[in-house]
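Let me begin by presenting the structure, written as structure tokens, before commenting on it.
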Amino acid sequence: MKIVVCVKQVADSEANVLVEGNTITWGESPMVLNPFDEYAVEAALQLKEKYDAEVIVLSIGEPGETEALKRSLAMGADNAILISDPLFKANDQRATASVIANAIRKIGDVDIVLFGRQTLDFGSGITPAQTARILNYPFLGLAGKIEIVEKKVTIDRILEESKQVVSATAPVIISVVQAIGEPRYPSFMGIRKAAKAEIPVWSHAEISGAFPEPTVHSIKYENPPKKSGKCEIITGDTPEEIAKKAIAKVMAEKVL
Amino acid sequence: MKTWAYLETNNNEVNLSSWEALALASSFGASSAILIGSNVEKLVSLAFEYGAESVAISDHPNLIDFRSDQYASILAEYARAEKPDLIIFPNTFRSRELAAMLSIDLECGIMVDITALEEVEGTLIATRPIYEGKALEKINCSTSTQLLTIRSRAFPMPAKKTTSAGSIVKMSHSDHSLTKVEATSESEGGVSLANAKVIVSAGRGITNNPKLSMDEKVNAEEGLRLVKALADRLGGAIGASRAIVDGGYLPYSHQVGQTGKVVSPDLYISAGISGSIQHMVGMRSSKLVLSINKDPEAPIFEVSDIGIVGDLFDYLPLLTDEFKRSLGLKD
Ligand SMILES: Cc1cc2nc3c(=O)[nH]c(=O)nc-3n(C[C@H](O)[C@H](O)[C@H](O)COP(=O)(O)OP(=O)(O)OC[C@H]3O[C@@H](n4cnc5c(N)ncnc54)[C@H](O)[C@@H]3O)c2cc1C
Ligand SMILES: Nc1ncnc2c1ncn2[C@@H]1O[C@H](COP(=O)(O)O)[C@@H](O)[C@H]1O
């Protein structure tokens with residue numbers, strides 16, 4: 001079985017993100033494997049243990065953006081590919097999805113393609129469904145559990161207020177959610193292997209195939225409005241008095 | 001402008017943010033509502049009451065399960081014929097999948113999780129939160145049809161009209177889907193978090209009440225009872241930090257935050273939540289935040305408007321009683 005996991009490198013979620021001029025800065029914060037994609041890598045490794053599979057991680061990024069791939073290798077993935085080309089710069093999901101689709105075709109004989117639910121940075125959680133549609137593969141979205149019997153893939157689909165059991169025939173595209181289980185830590189051996197790994201870089205020429213011009217355009221970045229004033233810590237002589245004052249303040253805001 | 005709104009239905013009910021999508025669609029002139037499913041015909045009059053001029057419907061028994069590929073094929077065929085300028089979807093998991101697939105079929109731009117929209121010299125400019133809401137991005141789209149998914153509660157609900165008439169168009173039907181839904185189980189009822197006006201959220205603090213017990217489980221049960229009493233009093237929903245979900249005290253569907261849900265109620269009350277960045281990105285856009293925490297240094301106070309430094313086991317019952325009095329509610 002051949003499994004491909006799509007991962008992205010993003011600024012850590014603790015990062016102090018700030019818009020200065022029209023650029024986004026995140027201070028000294030490290031770049032990490034997108035936390036949602038960590039669940040996808042974990043899912044792939046669980047499947048590898050259960051069904052014996054080759055796990056390939058794939059990332060589109062700038063030259064040298066190998067943090068997410070190295071982390072995945074350290075966790076236990078077998079191979080990594082970085083797709084990098086000046087042509088792929090635009091942050092347009094439809095373009096991203098078609099580059100991923102072309103890469104899947106080039107890798108060939110892929111049974112399962114795993115995605116995270118969304119990216120932390122520009123995340124909109126649509127790339128997996130778009131990729132499925134381009135490839136005309138079944139899309140099993142929001143999987144909290146994955147089971148495979150021969151070519152039949154069955155997932156628990158975790159929706160807002162319900163859970164479903166959904167199945168399809170491989171090859172399939174799956175997006176993975178937190179219920180799959182906590183991502184494992186890299187082993188010592190894994191870290192050593194990842195540090196030594198030579199990660200091949202594919203450019204547009206290598207994966208061939210057309211990809212669409214971006215159709216969604218960034219006009220500008222802004223900092224979000226600051227919360228109005230500071231928090232008022234309610235004081236009083238007794239808890240009863242404090243509770244009364246707090247509720248009076250809520251009522252005065254007329255939100256209820 | 002030809003503007004459509006997709007109405008998402010679950011168990012023959014339209015979810016609330018679909019009506020927000022319809023109101024936004026109607027703000028550009030005459031709007032059409034899109035209804036796909038099984039037994040959805042009876043929702044047509046409701047769509048007219050909420051302001052749709054016309055309704056395009058595909059109603060068939062084998063549309064009973066939402067399957068994004070099958071639904072997308074129906075909508076894509078209709079859109080190819082009708083060439084709408086704008087299709088607005090609620091930003092739920094299901095509708096977002098549908099919009100994503102449609103963007104491929106129609107080869108058009110898609111703007112996701114939008115919180116504001118303005119028209120500047122004939123161009124639509126949308127605002128979307130990026131980096132988990134730590135920054136905002138203004139975007140536009142250059143295709144003749146544009147798709148938009150809107151964050152729930154970011155746009156107003158439409159007023160309900162008393163008249164319920166308009167034209168009805170039948171869309172064709174598709175049998176084809178690559179997936180099969182084998183079973184569906186609804187989680188426990190109650191108000192859905194995304195649409196809730198009031199949310200009361202429990203954090204790890206609810207497991208900590210030495211006066212009651214040294215057993216975290218016993219404390220958590222009592223803490224949840226108090227949280228629920230307050231939520232019920234306000235007609236609100238119950239939220240939770242990940243610590244409470246991981247502890248097995250509430251199902252994952254209650255989790256607020258980065259890996260849970262992003263919510264924006266009018267009032268968010270947190271009890272015993274420290275305010276990790278992963279929690280705060282899920283609730284920072286709430287209109288008013290009231291937090292109870294023992295620790296005056298807890299970061300949650302940085303995103304709160306009103307703070308109570310104290311024990312949630314003391315304050316939750318007091319707040320419940322006091323709200324009852326202030327709102328003039330009966331038992
Ligand atoms: C990748 C990733 C994703 C994550 N996603 C999420 C997410 O979606 N949502 C989320 O919530 N977290 C998420 N987390 C976890 C997050 O980092 C925190 O661990 C979690 O939010 C802590 O929950 P808490 O505030 O309830 O618990 P704690 O941090 O333990 O805080 C408990 C608070 O309760 C107070 N307290 C204790 N007893 C009382 C009492 N009797 N009365 C009043 N106050 C009391 C304490 O002072 C303390 O501030 C994520 C973490 C990671 C790494
Ligand atoms: N640049 C990228 N390289 C590889 N995978 C990506 C990239 N961007 C997005 N993905 C995948 O698509 C998922 C959803 O991304 P998004 O639609 O941007 O929220 C992510 O969780 C990844 O699995």
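Naming scheme: A, B, ... for chains in displayed order of the structure tokens; residues 1 onward per chain; ligands 1 onward as shown.
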*Dump as a PyMOL selection string the residues of chain A that approach chain B to within 6 Å, counting only C-alpha atoms.*
chain A and resi 120-122+124+126+129-130+133+138+161-168+215-224+231-234+243+255
How would you write, as an mmCIF file with N, CA, C and O atoms, in the first residue's frame, the set of residues in region 1-230 of chain A that DSSP gives as alpha helix (DSSP H)?
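As a result, result-v1.cif now contains:
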data_model
loop_
_atom_site.group_PDB
_atom_site.id
_atom_site.type_symbol
_atom_site.label_atom_id
_atom_site.label_comp_id
_atom_site.auth_asym_id
_atom_site.auth_seq_id
_atom_site.Cartn_x
_atom_site.Cartn_y
_atom_site.Cartn_z
ATOM 1 N N PRO A 35 -0.056 21.828 12.861
ATOM 2 C CA PRO A 35 -0.560 20.865 13.857
ATOM 3 C C PRO A 35 -1.672 19.953 13.324
ATOM 4 O O PRO A 35 -1.741 18.788 13.709
ATOM 5 N N PHE A 36 -2.497 20.452 12.439
ATOM 6 C CA PHE A 36 -3.552 19.603 11.880
ATOM 7 C C PHE A 36 -2.962 18.494 11.002
ATOM 8 O O PHE A 36 -3.530 17.412 10.885
ATOM 9 N N ASP A 37 -1.829 18.802 10.368
ATOM 10 C CA ASP A 37 -1.189 17.803 9.506
ATOM 11 C C ASP A 37 -0.462 16.747 10.337
ATOM 12 O O ASP A 37 -0.208 15.637 9.863
ATOM 13 N N GLU A 38 -0.119 17.116 11.576
ATOM 14 C CA GLU A 38 0.507 16.155 12.472
ATOM 15 C C GLU A 38 -0.440 14.972 12.705
ATOM 16 O O GLU A 38 -0.008 13.825 12.795
ATOM 17 N N TYR A 39 -1.733 15.273 12.801
ATOM 18 C CA TYR A 39 -2.716 14.189 12.952
ATOM 19 C C TYR A 39 -2.752 13.311 11.697
ATOM 20 O O TYR A 39 -2.930 12.102 11.781
ATOM 21 N N ALA A 40 -2.571 13.934 10.539
ATOM 22 C CA ALA A 40 -2.586 13.172 9.287
ATOM 23 C C ALA A 40 -1.373 12.247 9.213
ATOM 24 O O ALA A 40 -1.485 11.090 8.789
ATOM 25 N N VAL A 41 -0.208 12.758 9.655
ATOM 26 C CA VAL A 41 0.988 11.915 9.670
ATOM 27 C C VAL A 41 0.780 10.764 10.657
ATOM 28 O O VAL A 41 1.094 9.601 10.361
ATOM 29 N N GLU A 42 0.215 11.089 11.822
ATOM 30 C CA GLU A 42 -0.065 10.047 12.818
ATOM 31 C C GLU A 42 -0.978 8.969 12.210
ATOM 32 O O GLU A 42 -0.729 7.774 12.372
ATOM 33 N N ALA A 43 -2.000 9.402 11.492
ATOM 34 C CA ALA A 43 -2.926 8.449 10.869
ATOM 35 C C ALA A 43 -2.185 7.535 9.896
ATOM 36 O O ALA A 43 -2.395 6.314 9.883
ATOM 37 N N ALA A 44 -1.285 8.137 9.116
ATOM 38 C CA ALA A 44 -0.537 7.346 8.137
ATOM 39 C C ALA A 44 0.326 6.300 8.832
ATOM 40 O O ALA A 44 0.413 5.145 8.393
ATOM 41 N N LEU A 45 0.939 6.698 9.946
ATOM 42 C CA LEU A 45 1.830 5.765 10.650
ATOM 43 C C LEU A 45 1.026 4.652 11.316
ATOM 44 O O LEU A 45 1.470 3.498 11.361
ATOM 45 N N GLN A 46 -0.174 4.981 11.793
ATOM 46 C CA GLN A 46 -1.048 3.926 12.335
ATOM 47 C C GLN A 46 -1.404 2.919 11.237
ATOM 48 O O GLN A 46 -1.378 1.705 11.458
ATOM 49 N N LEU A 47 -1.717 3.437 10.053
ATOM 50 C CA LEU A 47 -2.061 2.537 8.938
ATOM 51 C C LEU A 47 -0.851 1.698 8.528
ATOM 52 O O LEU A 47 -0.976 0.516 8.211
ATOM 53 N N LYS A 48 0.314 2.318 8.563
ATOM 54 C CA LYS A 48 1.541 1.607 8.203
ATOM 55 C C LYS A 48 1.770 0.433 9.156
ATOM 56 O O LYS A 48 2.117 -0.666 8.738
ATOM 57 N N GLU A 49 1.551 0.689 10.451
ATOM 58 C CA GLU A 49 1.740 -0.380 11.436
ATOM 59 C C GLU A 49 0.752 -1.518 11.212
ATOM 60 O O GLU A 49 1.062 -2.687 11.381
ATOM 61 N N LYS A 50 -0.475 -1.130 10.847
ATOM 62 C CA LYS A 50 -1.536 -2.123 10.745
ATOM 63 C C LYS A 50 -1.507 -2.882 9.416
ATOM 64 O O LYS A 50 -1.741 -4.083 9.376
ATOM 65 N N TYR A 51 -1.243 -2.159 8.340
ATOM 66 C CA TYR A 51 -1.396 -2.785 7.019
ATOM 67 C C TYR A 51 -0.113 -2.841 6.219
ATOM 68 O O TYR A 51 -0.128 -3.266 5.067
ATOM 69 N N GLU A 67 11.023 21.909 7.193
ATOM 70 C CA GLU A 67 10.763 21.635 8.617
ATOM 71 C C GLU A 67 9.643 20.602 8.801
ATOM 72 O O GLU A 67 9.783 19.643 9.563
ATOM 73 N N ALA A 68 8.537 20.810 8.091
ATOM 74 C CA ALA A 68 7.387 19.908 8.233
ATOM 75 C C ALA A 68 7.751 18.505 7.742
ATOM 76 O O ALA A 68 7.377 17.497 8.354
ATOM 77 N N LEU A 69 8.509 18.444 6.643
ATOM 78 C CA LEU A 69 8.884 17.147 6.086
ATOM 79 C C LEU A 69 9.828 16.408 7.032
ATOM 80 O O LEU A 69 9.691 15.208 7.267
ATOM 81 N N LYS A 70 10.802 17.136 7.594
ATOM 82 C CA LYS A 70 11.773 16.500 8.500
ATOM 83 C C LYS A 70 11.082 15.988 9.760
ATOM 84 O O LYS A 70 11.389 14.899 10.250
ATOM 85 N N ARG A 71 10.155 16.781 10.275
ATOM 86 C CA ARG A 71 9.416 16.332 11.456
ATOM 87 C C ARG A 71 8.635 15.043 11.130
ATOM 88 O O ARG A 71 8.606 14.109 11.928
ATOM 89 N N SER A 72 8.028 15.008 9.955
ATOM 90 C CA SER A 72 7.263 13.817 9.564
ATOM 91 C C SER A 72 8.174 12.597 9.414
ATOM 92 O O SER A 72 7.814 11.487 9.828
ATOM 93 N N LEU A 73 9.350 12.823 8.825
ATOM 94 C CA LEU A 73 10.312 11.715 8.692
ATOM 95 C C LEU A 73 10.738 11.226 10.069
ATOM 96 O O LEU A 73 10.832 10.025 10.327
ATOM 97 N N ALA A 74 10.965 12.182 10.973
ATOM 98 C CA ALA A 74 11.400 11.812 12.325
ATOM 99 C C ALA A 74 10.314 11.008 13.042
ATOM 100 O O ALA A 74 10.596 10.115 13.831
ATOM 101 N N MET A 75 9.056 11.321 12.748
ATOM 102 C CA MET A 75 7.957 10.565 13.357
ATOM 103 C C MET A 75 7.873 9.146 12.793
ATOM 104 O O MET A 75 7.322 8.254 13.440
ATOM 105 N N GLN A 93 -5.812 28.286 -3.005
ATOM 106 C CA GLN A 93 -5.995 26.861 -2.731
ATOM 107 C C GLN A 93 -6.234 26.038 -3.994
ATOM 108 O O GLN A 93 -5.837 24.898 -4.081
ATOM 109 N N ARG A 94 -6.933 26.635 -4.967
ATOM 110 C CA ARG A 94 -7.244 25.858 -6.162
ATOM 111 C C ARG A 94 -5.958 25.528 -6.914
ATOM 112 O O ARG A 94 -5.795 24.438 -7.453
ATOM 113 N N ALA A 95 -5.025 26.472 -6.900
ATOM 114 C CA ALA A 95 -3.730 26.207 -7.513
ATOM 115 C C ALA A 95 -2.972 25.158 -6.696
ATOM 116 O O ALA A 95 -2.394 24.221 -7.257
ATOM 117 N N THR A 96 -2.989 25.302 -5.366
ATOM 118 C CA THR A 96 -2.328 24.314 -4.497
ATOM 119 C C THR A 96 -2.882 22.921 -4.757
ATOM 120 O O THR A 96 -2.138 21.953 -4.913
ATOM 121 N N ALA A 97 -4.215 22.824 -4.817
ATOM 122 C CA ALA A 97 -4.849 21.514 -5.009
ATOM 123 C C ALA A 97 -4.437 20.897 -6.329
ATOM 124 O O ALA A 97 -4.190 19.685 -6.407
ATOM 125 N N SER A 98 -4.315 21.709 -7.374
ATOM 126 C CA SER A 98 -3.986 21.075 -8.654
ATOM 127 C C SER A 98 -2.516 20.679 -8.710
ATOM 128 O O SER A 98 -2.180 19.683 -9.352
ATOM 129 N N VAL A 99 -1.654 21.419 -8.018
ATOM 130 C CA VAL A 99 -0.253 20.987 -7.943
ATOM 131 C C VAL A 99 -0.164 19.662 -7.185
ATOM 132 O O VAL A 99 0.518 18.720 -7.609
ATOM 133 N N ILE A 100 -0.906 19.573 -6.068
ATOM 134 C CA ILE A 100 -0.907 18.313 -5.306
ATOM 135 C C ILE A 100 -1.456 17.177 -6.176
ATOM 136 O O ILE A 100 -0.895 16.083 -6.224
ATOM 137 N N ALA A 101 -2.536 17.446 -6.903
ATOM 138 C CA ALA A 101 -3.140 16.412 -7.749
ATOM 139 C C ALA A 101 -2.128 15.907 -8.788
ATOM 140 O O ALA A 101 -1.980 14.701 -9.004
ATOM 141 N N ASN A 102 -1.417 16.838 -9.402
ATOM 142 C CA ASN A 102 -0.416 16.437 -10.399
ATOM 143 C C ASN A 102 0.709 15.624 -9.765
ATOM 144 O O ASN A 102 1.223 14.676 -10.369
ATOM 145 N N ALA A 103 1.094 16.014 -8.550
ATOM 146 C CA ALA A 103 2.154 15.274 -7.864
ATOM 147 C C ALA A 103 1.702 13.845 -7.537
ATOM 148 O O ALA A 103 2.477 12.897 -7.665
ATOM 149 N N ILE A 104 0.436 13.699 -7.140
ATOM 150 C CA ILE A 104 -0.109 12.361 -6.842
ATOM 151 C C ILE A 104 -0.070 11.496 -8.103
ATOM 152 O O ILE A 104 0.310 10.332 -8.068
ATOM 153 N N ARG A 105 -0.442 12.094 -9.220
ATOM 154 C CA ARG A 105 -0.411 11.355 -10.490
ATOM 155 C C ARG A 105 1.005 10.911 -10.805
ATOM 156 O O ARG A 105 1.250 9.798 -11.241
ATOM 157 N N LYS A 106 1.948 11.825 -10.583
ATOM 158 C CA LYS A 106 3.345 11.499 -10.911
ATOM 159 C C LYS A 106 3.884 10.396 -9.982
ATOM 160 O O LYS A 106 4.598 9.500 -10.442
ATOM 161 N N ILE A 107 3.560 10.469 -8.699
ATOM 162 C CA ILE A 107 4.037 9.437 -7.770
ATOM 163 C C ILE A 107 3.503 8.073 -8.216
ATOM 164 O O ILE A 107 4.224 7.084 -8.243
ATOM 165 N N THR A 127 -8.595 22.596 0.564
ATOM 166 C CA THR A 127 -7.677 21.915 -0.348
ATOM 167 C C THR A 127 -7.977 20.414 -0.507
ATOM 168 O O THR A 127 -7.941 19.907 -1.631
ATOM 169 N N PRO A 128 -8.279 19.693 0.595
ATOM 170 C CA PRO A 128 -8.524 18.248 0.420
ATOM 171 C C PRO A 128 -9.706 17.948 -0.519
ATOM 172 O O PRO A 128 -9.564 17.121 -1.439
ATOM 173 N N ALA A 129 -10.832 18.622 -0.318
ATOM 174 C CA ALA A 129 -12.008 18.357 -1.165
ATOM 175 C C ALA A 129 -11.727 18.779 -2.609
ATOM 176 O O ALA A 129 -12.159 18.110 -3.562
ATOM 177 N N GLN A 130 -11.010 19.868 -2.774
ATOM 178 C CA GLN A 130 -10.670 20.308 -4.134
ATOM 179 C C GLN A 130 -9.787 19.287 -4.839
ATOM 180 O O GLN A 130 -9.996 18.968 -6.014
ATOM 181 N N THR A 131 -8.792 18.768 -4.102
ATOM 182 C CA THR A 131 -7.886 17.786 -4.703
ATOM 183 C C THR A 131 -8.661 16.533 -5.117
ATOM 184 O O THR A 131 -8.446 15.975 -6.200
ATOM 185 N N ALA A 132 -9.574 16.105 -4.256
ATOM 186 C CA ALA A 132 -10.386 14.924 -4.569
ATOM 187 C C ALA A 132 -11.190 15.147 -5.840
ATOM 188 O O ALA A 132 -11.281 14.281 -6.708
ATOM 189 N N ARG A 133 -11.751 16.344 -5.960
ATOM 190 C CA ARG A 133 -12.581 16.639 -7.121
ATOM 191 C C ARG A 133 -11.749 16.665 -8.402
ATOM 192 O O ARG A 133 -12.186 16.200 -9.448
ATOM 193 N N ILE A 134 -10.546 17.221 -8.302
ATOM 194 C CA ILE A 134 -9.679 17.276 -9.483
ATOM 195 C C ILE A 134 -9.315 15.861 -9.945
ATOM 196 O O ILE A 134 -9.365 15.541 -11.122
ATOM 197 N N LEU A 135 -8.967 15.006 -8.978
ATOM 198 C CA LEU A 135 -8.536 13.647 -9.325
ATOM 199 C C LEU A 135 -9.721 12.714 -9.580
ATOM 200 O O LEU A 135 -9.539 11.588 -10.016
ATOM 201 N N PHE A 188 14.493 8.802 18.849
ATOM 202 C CA PHE A 188 15.880 9.230 18.689
ATOM 203 C C PHE A 188 16.409 8.819 17.307
ATOM 204 O O PHE A 188 16.996 9.612 16.584
ATOM 205 N N MET A 189 16.106 7.558 16.952
ATOM 206 C CA MET A 189 16.533 7.060 15.639
ATOM 207 C C MET A 189 15.894 7.871 14.515
ATOM 208 O O MET A 189 16.533 8.188 13.514
ATOM 209 N N GLY A 190 14.638 8.175 14.709
ATOM 210 C CA GLY A 190 13.893 8.937 13.700
ATOM 211 C C GLY A 190 14.522 10.302 13.472
ATOM 212 O O GLY A 190 14.687 10.748 12.331
ATOM 213 N N ILE A 191 14.882 10.955 14.565
ATOM 214 C CA ILE A 191 15.472 12.292 14.453
ATOM 215 C C ILE A 191 16.798 12.215 13.696
ATOM 216 O O ILE A 191 17.089 13.050 12.841
ATOM 217 N N ARG A 192 17.569 11.154 14.004
ATOM 218 C CA ARG A 192 18.857 10.995 13.299
ATOM 219 C C ARG A 192 18.655 10.759 11.817
ATOM 220 O O ARG A 192 19.336 11.330 10.973
ATOM 221 N N LYS A 193 17.676 9.922 11.515
ATOM 222 C CA LYS A 193 17.386 9.612 10.109
ATOM 223 C C LYS A 193 16.948 10.888 9.365
ATOM 224 O O LYS A 193 17.406 11.176 8.266
ATOM 225 N N ALA A 194 16.064 11.645 10.036
ATOM 226 C CA ALA A 194 15.537 12.855 9.396
ATOM 227 C C ALA A 194 16.642 13.875 9.155
ATOM 228 O O ALA A 194 16.672 14.548 8.129
ATOM 229 N N ALA A 195 17.558 13.986 10.117
ATOM 230 C CA ALA A 195 18.633 14.977 9.992
ATOM 231 C C ALA A 195 19.505 14.668 8.782
ATOM 232 O O ALA A 195 20.018 15.567 8.129
ATOM 233 N N LYS A 196 19.669 13.371 8.498
ATOM 234 C CA LYS A 196 20.557 12.976 7.404
ATOM 235 C C LYS A 196 19.851 12.931 6.045
ATOM 236 O O LYS A 196 20.506 12.866 5.013
ATOM 237 N N HIS A 204 8.074 22.655 -11.142
ATOM 238 C CA HIS A 204 6.917 22.529 -12.026
ATOM 239 C C HIS A 204 7.212 21.585 -13.189
ATOM 240 O O HIS A 204 6.388 20.770 -13.580
ATOM 241 N N ALA A 205 8.441 21.682 -13.726
ATOM 242 C CA ALA A 205 8.811 20.849 -14.868
ATOM 243 C C ALA A 205 8.670 19.366 -14.527
ATOM 244 O O ALA A 205 8.231 18.568 -15.342
ATOM 245 N N GLU A 206 9.047 19.002 -13.289
ATOM 246 C CA GLU A 206 9.007 17.590 -12.886
ATOM 247 C C GLU A 206 7.595 17.027 -12.778
ATOM 248 O O GLU A 206 7.359 15.871 -13.072
ATOM 249 N N ILE A 207 6.660 17.849 -12.288
ATOM 250 C CA ILE A 207 5.339 17.256 -12.089
ATOM 251 C C ILE A 207 4.422 17.479 -13.286
ATOM 252 O O ILE A 207 3.353 16.887 -13.363
#
_Residues flagged strand (DSSP E or B) by DSSP in region 220-263 of chain B, as JSON, numbers by chain_ = {"B": [237, 238, 239, 240, 255, 256, 261]}
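Proximity to Ala231 (chain B) at 8 Å, evaluated using only C-alpha atoms and with sequence-adjacent residues fewer than 6 positions away removed, yields Val198, Ile199, Val200, Ala237 and Ile238 of chain B.
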Please produce a file of those selected residues containing N, CA, C and O atoms, as an mmCIF file, in the first residue's frame.
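And here is the file that came out, result16.cif:
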data_model
loop_
_atom_site.group_PDB
_atom_site.id
_atom_site.type_symbol
_atom_site.label_atom_id
_atom_site.label_comp_id
_atom_site.auth_asym_id
_atom_site.auth_seq_id
_atom_site.Cartn_x
_atom_site.Cartn_y
_atom_site.Cartn_z
ATOM 1 N N VAL B 198 -25.320 32.628 23.526
ATOM 2 C CA VAL B 198 -24.617 32.602 24.802
ATOM 3 C C VAL B 198 -23.916 31.247 24.932
ATOM 4 O O VAL B 198 -24.492 30.215 24.611
ATOM 5 N N ILE B 199 -22.661 31.279 25.367
ATOM 6 C CA ILE B 199 -21.943 30.027 25.633
ATOM 7 C C ILE B 199 -21.326 30.108 27.029
ATOM 8 O O ILE B 199 -20.712 31.117 27.383
ATOM 9 N N VAL B 200 -21.534 29.055 27.811
ATOM 10 C CA VAL B 200 -20.851 28.949 29.098
ATOM 11 C C VAL B 200 -19.854 27.798 28.962
ATOM 12 O O VAL B 200 -20.248 26.670 28.647
ATOM 13 N N ALA B 237 -25.458 27.529 25.151
ATOM 14 C CA ALA B 237 -24.838 26.232 24.894
ATOM 15 C C ALA B 237 -23.649 26.041 25.829
ATOM 16 O O ALA B 237 -23.127 27.007 26.385
ATOM 17 N N ILE B 238 -23.233 24.793 25.977
ATOM 18 C CA ILE B 238 -22.102 24.484 26.842
ATOM 19 C C ILE B 238 -20.850 24.269 26.004
ATOM 20 O O ILE B 238 -20.834 23.471 25.075
#
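The smallest atom-to-atom distance between ligand 2 and any of A:Ala143, A:Val153, A:Ile148, A:Leu114, using only C-alpha atoms and all ligand atoms, is found for A:Leu114.
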_Residues within 10 Å of Ala33 (chain B), only C-alpha atoms, excluding chain neighbours under 2 positions, as a PyMOL selection string_ = chain B and resi 3-7+18-19+21-22+25-26+31+35+44+47-48+50-57+87-88+168
_Straight-line distance linking atom 6 (C, counted along the ligand's line) of ligand 2 with CA of Ser17 (chain B), stated in Å to one decimal_ = 27.9 Å
*Compare B:Leu16, B:Ala202, B:Ala298, B:Leu224 by their minimum atom-to-atom distance to Met157 (chain B), counting only C-alpha atoms, and give me the closest one.*
B:Leu16
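If you count only C-alpha atoms and ignore residues fewer than 3 places along the chain from region 79-85 of chain B, what sits within 7 Å of it is B:Met1, B:Lys2, B:Thr3, B:Leu75, B:Ala76, B:Ser144, B:Thr145, B:Gln146.
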*region 60-64 of chain A surroundings by only C-alpha atoms, 6 Å radius, close-in-sequence under 5 positions cut, as a list in words*: Leu82, Ile83 and Ser84 of chain A
Would you put the residues from that selection into a file with N, CA, C and O atoms, as a PDB file, in the first residue's frame?
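Saved as part_39.pdb:
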ATOM      1  N   LEU A  82       9.750  17.667  -1.503  1.00  0.00           N
ATOM      2  CA  LEU A  82       9.405  19.090  -1.451  1.00  0.00           C
ATOM      3  C   LEU A  82       9.099  19.549  -2.873  1.00  0.00           C
ATOM      4  O   LEU A  82       9.884  19.303  -3.790  1.00  0.00           O
ATOM      5  N   ILE A  83       7.955  20.186  -3.044  1.00  0.00           N
ATOM      6  CA  ILE A  83       7.615  20.730  -4.350  1.00  0.00           C
ATOM      7  C   ILE A  83       7.804  22.232  -4.272  1.00  0.00           C
ATOM      8  O   ILE A  83       7.190  22.899  -3.440  1.00  0.00           O
ATOM      9  N   SER A  84       8.686  22.734  -5.100  1.00  0.00           N
ATOM     10  CA  SER A  84       9.045  24.145  -4.986  1.00  0.00           C
ATOM     11  C   SER A  84       9.305  24.717  -6.364  1.00  0.00           C
ATOM     12  O   SER A  84      10.059  24.138  -7.143  1.00  0.00           O
TER      13      SER A  84
END
